[in-house]
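Chemist: my_file.pdb is reproduced below (PDB, C-alpha atoms).
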```
ATOM      1  CA  TRP A   1       0.000   0.000   0.000
ATOM      2  CA  ILE A   2       2.946   2.318   0.567
ATOM      3  CA  MET A   3       4.112   1.679  -2.978
ATOM      4  CA  SER A   4       0.541   2.213  -4.181
ATOM      5  CA  PHE A   5       0.594   5.630  -2.538
ATOM      6  CA  VAL A   6       3.933   6.521  -4.128
ATOM      7  CA  TRP A   7       2.768   5.285  -7.548
ATOM      8  CA  SER A   8      -0.451   7.283  -7.115
ATOM      9  CA  SER A   9       1.561  10.447  -6.480
ATOM     10  CA  TYR A  10       3.276   9.990  -9.822
ATOM     11  CA  MET A  11      -0.032   9.195 -11.532
ATOM     12  CA  VAL A  12      -1.517  12.442 -10.211
ATOM     13  CA  ALA A  13       1.374  14.336 -11.794
ATOM     14  CA  THR A  14       1.022  12.458 -15.094
ATOM     15  CA  ARG A  15      -2.632  13.491 -15.248
ATOM     16  CA  LEU A  16      -2.377  17.104 -14.079
ATOM     17  CA  VAL A  17       0.590  18.283 -16.132
ATOM     18  CA  PRO A  18      -0.386  17.043 -19.625
ATOM     19  CA  GLY A  19      -4.035  17.804 -18.882
ATOM     20  CA  TRP A  20      -3.524  21.446 -17.960
ATOM     21  CA  LEU A  21      -0.139  22.455 -19.422
ATOM     22  CA  PRO A  22      -1.476  23.181 -22.945
ATOM     23  CA  LEU A  23      -4.180  25.467 -21.506
ATOM     24  CA  TYR A  24      -1.637  27.100 -19.193
ATOM     25  CA  ALA A  25       0.736  27.702 -22.110
ATOM     26  CA  THR A  26      -2.102  29.003 -24.300
ATOM     27  CA  ASP A  27      -3.037  31.621 -21.697
ATOM     28  CA  PHE A  28       0.652  32.482 -21.352
ATOM     29  CA  TYR A  29       0.981  33.258 -25.058
ATOM     30  CA  ILE A  30      -2.246  35.236 -25.155
ATOM     31  CA  GLN A  31      -1.437  37.448 -22.154
ATOM     32  CA  GLU A  32       2.339  37.685 -22.355
ATOM     33  CA  HIS A  33       2.851  37.752 -26.132
ATOM     34  CA  GLY A  34      -0.470  39.089 -27.377
ATOM     35  CA  MET A  35      -1.091  36.156 -29.696
ATOM     36  CA  THR A  36      -4.476  35.434 -31.143
ATOM     37  CA  LYS A  37      -6.390  32.553 -29.594
ATOM     38  CA  GLU A  38      -5.732  30.327 -32.595
ATOM     39  CA  ALA A  39      -1.992  30.987 -32.667
ATOM     40  CA  ALA A  40      -1.728  30.600 -28.896
ATOM     41  CA  MET A  41      -3.457  27.206 -29.049
ATOM     42  CA  ILE A  42      -0.927  25.993 -31.615
ATOM     43  CA  ALA A  43       1.963  27.298 -29.495
ATOM     44  CA  GLY A  44       0.453  25.675 -26.402
ATOM     45  CA  GLY A  45       0.296  22.357 -28.229
ATOM     46  CA  GLY A  46       3.961  22.780 -29.121
ATOM     47  CA  MET A  47       4.788  23.248 -25.451
ATOM     48  CA  ALA A  48       2.950  20.001 -24.680
ATOM     49  CA  SER A  49       5.150  18.294 -27.287
ATOM     50  CA  ILE A  50       8.253  19.495 -25.449
ATOM     51  CA  TYR A  51       6.830  17.931 -22.285
ATOM     52  CA  VAL A  52       6.395  14.637 -24.155
ATOM     53  CA  LEU A  53      10.031  14.788 -25.290
ATOM     54  CA  GLY A  54      10.991  15.030 -21.636
ATOM     55  CA  ARG A  55       9.022  11.871 -20.952
ATOM     56  CA  VAL A  56      10.792  10.115 -23.828
ATOM     57  CA  PHE A  57      14.206  10.710 -22.273
ATOM     58  CA  GLY A  58      13.100  10.521 -18.638
ATOM     59  CA  THR A  59      12.706   6.750 -18.285
ATOM     60  CA  PRO A  60      16.100   5.602 -19.647
ATOM     61  CA  GLY A  61      17.824   8.483 -17.888
ATOM     62  CA  ALA A  62      16.263   7.587 -14.547
ATOM     63  CA  GLY A  63      17.091   3.913 -15.029
ATOM     64  CA  TRP A  64      20.721   4.691 -15.858
ATOM     65  CA  LEU A  65      21.050   6.990 -12.833
ATOM     66  CA  SER A  66      19.382   4.484 -10.528
ATOM     67  CA  ASP A  67      21.713   1.667 -11.615
ATOM     68  CA  ARG A  68      24.771   3.833 -10.981
ATOM     69  CA  LEU A  69      23.577   5.029  -7.576
ATOM     70  CA  LEU A  70      22.610   1.502  -6.533
ATOM     71  CA  LYS A  71      26.264   0.484  -6.880
ATOM     72  CA  HIS A  72      27.094   3.170  -4.310
ATOM     73  CA  GLY A  73      24.489   1.983  -1.810
ATOM     74  CA  ILE A  74      21.739   4.452  -2.731
ATOM     75  CA  PRO A  75      18.481   2.492  -3.195
ATOM     76  CA  ARG A  76      16.072   2.978  -6.077
ATOM     77  CA  ALA A  77      13.527   4.338  -3.622
ATOM     78  CA  GLY A  78      15.877   7.272  -3.041
ATOM     79  CA  VAL A  79      15.722   8.166  -6.744
ATOM     80  CA  ILE A  80      11.940   7.670  -6.734
ATOM     81  CA  GLY A  81      11.552   9.963  -3.725
ATOM     82  CA  GLY A  82      13.926  12.517  -5.193
ATOM     83  CA  GLY A  83      11.827  12.529  -8.351
ATOM     84  CA  LEU A  84       8.710  13.357  -6.364
ATOM     85  CA  VAL A  85      10.505  16.214  -4.620
ATOM     86  CA  LEU A  86      11.515  17.600  -8.018
ATOM     87  CA  ILE A  87       7.950  17.199  -9.292
ATOM     88  CA  GLY A  88       6.693  19.130  -6.270
ATOM     89  CA  LEU A  89       9.242  21.850  -7.063
ATOM     90  CA  THR A  90       8.049  21.917 -10.677
ATOM     91  CA  PHE A  91       4.447  22.376  -9.585
ATOM     92  CA  PHE A  92       5.546  25.211  -7.290
ATOM     93  CA  LEU A  93       7.423  26.955 -10.097
ATOM     94  CA  LEU A  94       4.271  26.819 -12.202
ATOM     95  CA  THR A  95       2.530  28.940  -9.547
ATOM     96  CA  LEU A  96       4.988  31.745 -10.336
ATOM     97  CA  ARG A  97       5.155  34.009 -13.360
ATOM     98  CA  ILE A  98       7.080  32.398 -16.220
ATOM     99  CA  PRO A  99       9.274  35.138 -17.751
ATOM    100  CA  ASN A 100       9.689  33.835 -21.312
ATOM    101  CA  THR A 101       9.109  30.986 -23.745
ATOM    102  CA  ILE A 102      12.545  29.444 -23.221
ATOM    103  CA  THR A 103      11.964  29.145 -19.491
ATOM    104  CA  MET A 104       8.570  27.559 -20.031
ATOM    105  CA  GLY A 105      10.031  25.105 -22.544
ATOM    106  CA  LEU A 106      12.785  24.087 -20.137
ATOM    107  CA  LEU A 107      10.264  23.683 -17.333
ATOM    108  CA  ALA A 108       7.965  21.581 -19.539
ATOM    109  CA  PHE A 109      10.852  19.329 -20.610
ATOM    110  CA  PHE A 110      12.054  18.995 -17.024
ATOM    111  CA  ALA A 111       8.537  18.115 -15.846
ATOM    112  CA  GLY A 112       8.289  15.350 -18.439
ATOM    113  CA  THR A 113      11.687  13.985 -17.433
ATOM    114  CA  VAL A 114      11.072  13.740 -13.694
ATOM    115  CA  ILE A 115       7.479  12.529 -14.058
ATOM    116  CA  ASN A 116       8.684   9.478 -15.981
ATOM    117  CA  ILE A 117      10.815   8.234 -13.090
ATOM    118  CA  PHE A 118       7.857   6.171 -11.851
ATOM    119  CA  PRO A 119       8.726   2.985 -13.881
ATOM    120  CA  LEU A 120      11.556   2.495 -11.366
ATOM    121  CA  LEU A 121       8.845   1.276  -9.004
ATOM    122  CA  ASN A 122       8.625  -1.856 -11.155
ATOM    123  CA  ALA A 123      12.320  -2.527 -10.628
ATOM    124  CA  SER A 124      12.015  -1.814  -6.920
ATOM    125  CA  ALA A 125       9.073  -4.191  -6.615
ATOM    126  CA  ALA A 126      10.954  -6.934  -8.479
ATOM    127  CA  GLU A 127      13.753  -6.647  -5.910
ATOM    128  CA  ILE A 128      11.310  -6.926  -2.994
ATOM    129  CA  TRP A 129       8.799  -9.581  -4.096
ATOM    130  CA  SER A 130       9.202 -12.850  -5.934
ATOM    131  CA  VAL A 131       8.607 -13.223  -9.661
ATOM    132  CA  ARG A 132       5.432 -15.194  -8.926
ATOM    133  CA  THR A 133       3.814 -12.352  -7.000
ATOM    134  CA  VAL A 134       5.249  -9.141  -8.447
ATOM    135  CA  GLY A 135       2.986  -9.215 -11.510
ATOM    136  CA  PHE A 136      -0.237  -9.265  -9.524
ATOM    137  CA  THR A 137       1.170  -6.834  -6.957
ATOM    138  CA  MET A 138       2.193  -4.260  -9.551
ATOM    139  CA  GLY A 139      -1.141  -4.721 -11.301
ATOM    140  CA  THR A 140      -2.908  -3.837  -8.058
ATOM    141  CA  ILE A 141      -0.593  -0.885  -7.444
ATOM    142  CA  ASN A 142      -1.219   0.423 -10.954
ATOM    143  CA  MET A 143      -4.993   0.022 -10.525
ATOM    144  CA  VAL A 144      -4.924   2.126  -7.353
ATOM    145  CA  GLY A 145      -2.731   4.703  -9.073
ATOM    146  CA  GLN A 146      -5.041   5.002 -12.071
ATOM    147  CA  PHE A 147      -8.013   5.612  -9.784
ATOM    148  CA  ALA A 148      -6.015   8.251  -7.894
ATOM    149  CA  GLY A 149      -5.004   9.969 -11.121
ATOM    150  CA  ALA A 150      -8.580  10.030 -12.401
ATOM    151  CA  ILE A 151      -9.911  11.405  -9.110
ATOM    152  CA  ALA A 152      -7.180  14.065  -8.987
ATOM    153  CA  LEU A 153      -8.000  15.179 -12.520
ATOM    154  CA  SER A 154     -11.647  15.566 -11.535
ATOM    155  CA  VAL A 155     -10.780  17.399  -8.318
ATOM    156  CA  SER A 156      -8.345  19.687 -10.157
ATOM    157  CA  GLY A 157     -11.225  21.528 -11.830
ATOM    158  CA  PHE A 158     -12.698  22.339  -8.432
ATOM    159  CA  MET A 159      -9.275  23.378  -7.137
ATOM    160  CA  ALA A 160      -8.779  25.678 -10.120
ATOM    161  CA  ALA A 161     -12.066  27.450  -9.426
ATOM    162  CA  LYS A 162     -11.457  27.534  -5.660
ATOM    163  CA  PHE A 163      -8.030  29.171  -5.728
ATOM    164  CA  ALA A 164      -8.170  31.236  -8.926
ATOM    165  CA  VAL A 165      -7.475  34.943  -8.466
ATOM    166  CA  ALA A 166     -10.158  37.013 -10.188
ATOM    167  CA  GLY A 167      -8.657  39.468 -12.662
ATOM    168  CA  GLY A 168      -5.160  38.099 -12.069
ATOM    169  CA  ALA A 169      -2.406  37.101 -14.462
ATOM    170  CA  PHE A 170      -2.536  33.955 -16.572
ATOM    171  CA  TYR A 171      -0.801  31.763 -14.004
ATOM    172  CA  THR A 172      -3.183  32.687 -11.162
ATOM    173  CA  GLU A 173      -5.991  30.809 -12.919
ATOM    174  CA  PHE A 174      -4.203  27.514 -12.319
ATOM    175  CA  LEU A 175      -2.949  27.952  -8.746
ATOM    176  CA  GLY A 176      -5.280  25.371  -7.200
ATOM    177  CA  ILE A 177      -4.224  22.728  -9.729
ATOM    178  CA  TRP A 178      -0.543  23.180  -9.022
ATOM    179  CA  TYR A 179      -1.180  23.328  -5.243
ATOM    180  CA  LEU A 180      -2.815  19.908  -5.526
ATOM    181  CA  GLY A 181       0.258  18.629  -7.336
ATOM    182  CA  VAL A 182       2.630  20.046  -4.716
ATOM    183  CA  VAL A 183       0.761  18.399  -1.837
ATOM    184  CA  THR A 184       0.477  14.957  -3.444
ATOM    185  CA  SER A 185       4.120  14.993  -4.564
ATOM    186  CA  ILE A 186       5.444  15.871  -1.115
ATOM    187  CA  LEU A 187       3.257  13.236   0.576
ATOM    188  CA  GLY A 188       4.477  10.653  -1.937
ATOM    189  CA  ALA A 189       8.092  11.661  -1.298
ATOM    190  CA  LEU A 190       7.583  11.165   2.429
ATOM    191  CA  ALA A 191       6.158   7.693   1.759
ATOM    192  CA  THR A 192       9.392   6.713  -0.009
ATOM    193  CA  VAL A 193      11.185   6.988   3.349
ATOM    194  CA  TYR A 194       9.503   3.702   4.321
ATOM    195  CA  MET A 195      10.376   2.243   0.928
ATOM    196  CA  ILE A 196      14.041   3.052   1.549
ATOM    197  CA  TYR A 197      13.844   1.352   4.946
ATOM    198  CA  ARG A 198      12.121  -1.678   3.420
ATOM    199  CA  GLU A 199      14.606  -1.925   0.565
ATOM    200  CA  ARG A 200      17.580  -1.719   2.893
ATOM    201  CA  ARG A 201      16.057  -4.427   5.090
ATOM    202  CA  VAL A 202      15.624  -6.736   2.098
ATOM    203  CA  VAL A 203      19.220  -6.181   0.988
ATOM    204  CA  ALA A 204      20.470  -6.851   4.520
ATOM    205  CA  ALA A 205      18.445 -10.073   4.661
ATOM    206  CA  LYS A 206      19.943 -11.283   1.359
ATOM    207  CA  VAL A 207      23.464 -10.510   2.559
ATOM    208  CA  LEU A 208      22.806 -12.419   5.786
ATOM    209  CA  ALA A 209      21.409 -15.395   3.870
ATOM    210  CA  ILE A 210      24.494 -15.509   1.655
ATOM    211  CA  ALA A 211      26.757 -15.290   4.699
ATOM    212  CA  GLU A 212      25.023 -18.227   6.335
TER     213      GLU A 212
END
```
Could you render the structure as structure tokens?
Modeler:
Amino acid sequence: WIMSFVWSSYMVATRLVPGWLPLYATDFYIQEHGMTKEAAMIAGGGMASIYVLGRVFGTPGAGWLSDRLLKHGIPRAGVIGGGLVLIGLTFFLLTLRIPNTITMGLLAFFAGTVINIFPLLNASAAEIWSVRTVGFTMGTINMVGQFAGAIALSVSGFMAAKFAVAGGAFYTEFLGIWYLGVVTSILGALATVYMIYRERRVVAAKVLAIAE
């Protein structure tokens, strides 16, 4: 259930960012660059594509980093938790005014990269449970995460209306959405503390078994 909670935190991010980033970017181009609605929508779609590129490179990059850190005694759960902290930071930065297109593009790419760290949970689970049980276990974890992501996407509309600043800048319309992302990411990062403890305990047990 701890891993389900961590997976759910990532699923919330994977629903909120691609769901709202194009609209966020569209408003950015309309207010900050004076684009027409049609042109801003095209530019916003382009920003979503940059986010997707981040996701393309995020998974192999996270796997490579995790393998290297594991050799130095840093468990995969540490990378998973660090990813959630970075996602929370990304959500926070989205509550601030983005100064230019380059900054937004970098932030979108970075968001896609860190959001796609979640497949490491599969590797972590394979190191904890046996091959016979990890399939069903990860299936259950993913089911819980998908429900959490769907619920968060529904709640995000309410959060947007609840925390929007009337007559404010483009980014103030999305404050509640990003606040939701910050909270879930930080809670998920805290849950990885137990995962680190559990992973270290499993490694210690294997070392003891080999020694005996």
Chemist: Let me know the residues the PyMOL selection byres ((chain A and resi 109-126) around 7) catches in the file above, as JSON, numbers by chain.
Modeler: {"A": [7, 10, 13, 14, 50, 51, 52, 53, 54, 55, 57, 58, 59, 62, 63, 76, 80, 83, 86, 87, 90, 105, 106, 107, 108, 127, 128, 129, 130, 131, 134]}
Chemist: For atom CA of Thr103 of chain A and atom CA of Val155 of chain A, determine how far apart the two atoms are, in Å to one decimal place.
Modeler: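 Distance reported for this atom pair: 27.9 Å.
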Chemist: Near segment 169-181 of chain A, within 8 Å and counting all atoms listed in the file, which residues show up once chain neighbours fewer than 6 positions away are dropped, as a PDB file with C-alpha atoms, in the frame of the given file?
Modeler:
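What ended up in out23.pdb:
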```
ATOM      1  CA  VAL A  12      -1.517  12.442 -10.211  1.00  0.00           C
ATOM      2  CA  ALA A  13       1.374  14.336 -11.794  1.00  0.00           C
ATOM      3  CA  LEU A  16      -2.377  17.104 -14.079  1.00  0.00           C
ATOM      4  CA  TYR A  24      -1.637  27.100 -19.193  1.00  0.00           C
ATOM      5  CA  ASP A  27      -3.037  31.621 -21.697  1.00  0.00           C
ATOM      6  CA  PHE A  28       0.652  32.482 -21.352  1.00  0.00           C
ATOM      7  CA  GLN A  31      -1.437  37.448 -22.154  1.00  0.00           C
ATOM      8  CA  GLY A  88       6.693  19.130  -6.270  1.00  0.00           C
ATOM      9  CA  PHE A  91       4.447  22.376  -9.585  1.00  0.00           C
ATOM     10  CA  PHE A  92       5.546  25.211  -7.290  1.00  0.00           C
ATOM     11  CA  LEU A  94       4.271  26.819 -12.202  1.00  0.00           C
ATOM     12  CA  THR A  95       2.530  28.940  -9.547  1.00  0.00           C
ATOM     13  CA  LEU A  96       4.988  31.745 -10.336  1.00  0.00           C
ATOM     14  CA  ARG A  97       5.155  34.009 -13.360  1.00  0.00           C
ATOM     15  CA  SER A 156      -8.345  19.687 -10.157  1.00  0.00           C
ATOM     16  CA  GLY A 157     -11.225  21.528 -11.830  1.00  0.00           C
ATOM     17  CA  MET A 159      -9.275  23.378  -7.137  1.00  0.00           C
ATOM     18  CA  ALA A 160      -8.779  25.678 -10.120  1.00  0.00           C
ATOM     19  CA  ALA A 161     -12.066  27.450  -9.426  1.00  0.00           C
ATOM     20  CA  LYS A 162     -11.457  27.534  -5.660  1.00  0.00           C
ATOM     21  CA  PHE A 163      -8.030  29.171  -5.728  1.00  0.00           C
TER      22      PHE A 163
END
```
Chemist: Between atom CA of Ile196 of chain A and atom CA of Ile151 of chain A, what is the distance in Å, rounded to a tenth?
Modeler: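 Distance reported for this atom pair: 27.5 Å.
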Chemist: Could you list, as a ChimeraX atom specification, every residue matched by the PyMOL selection byres ((chain A and resi 185-194) around 7) in this structure?
Modeler: /A:2,5-6,9,77,81,84-85,87-88,181-184,195-198
Chemist: What gap, in Å, lies between atom CA of Met11 of chain A and atom CA of Gln146 of chain A?
Modeler: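 For atom CA of Met11 of chain A relative to atom CA of Gln146 of chain A, the distance reads 6.6 Å.
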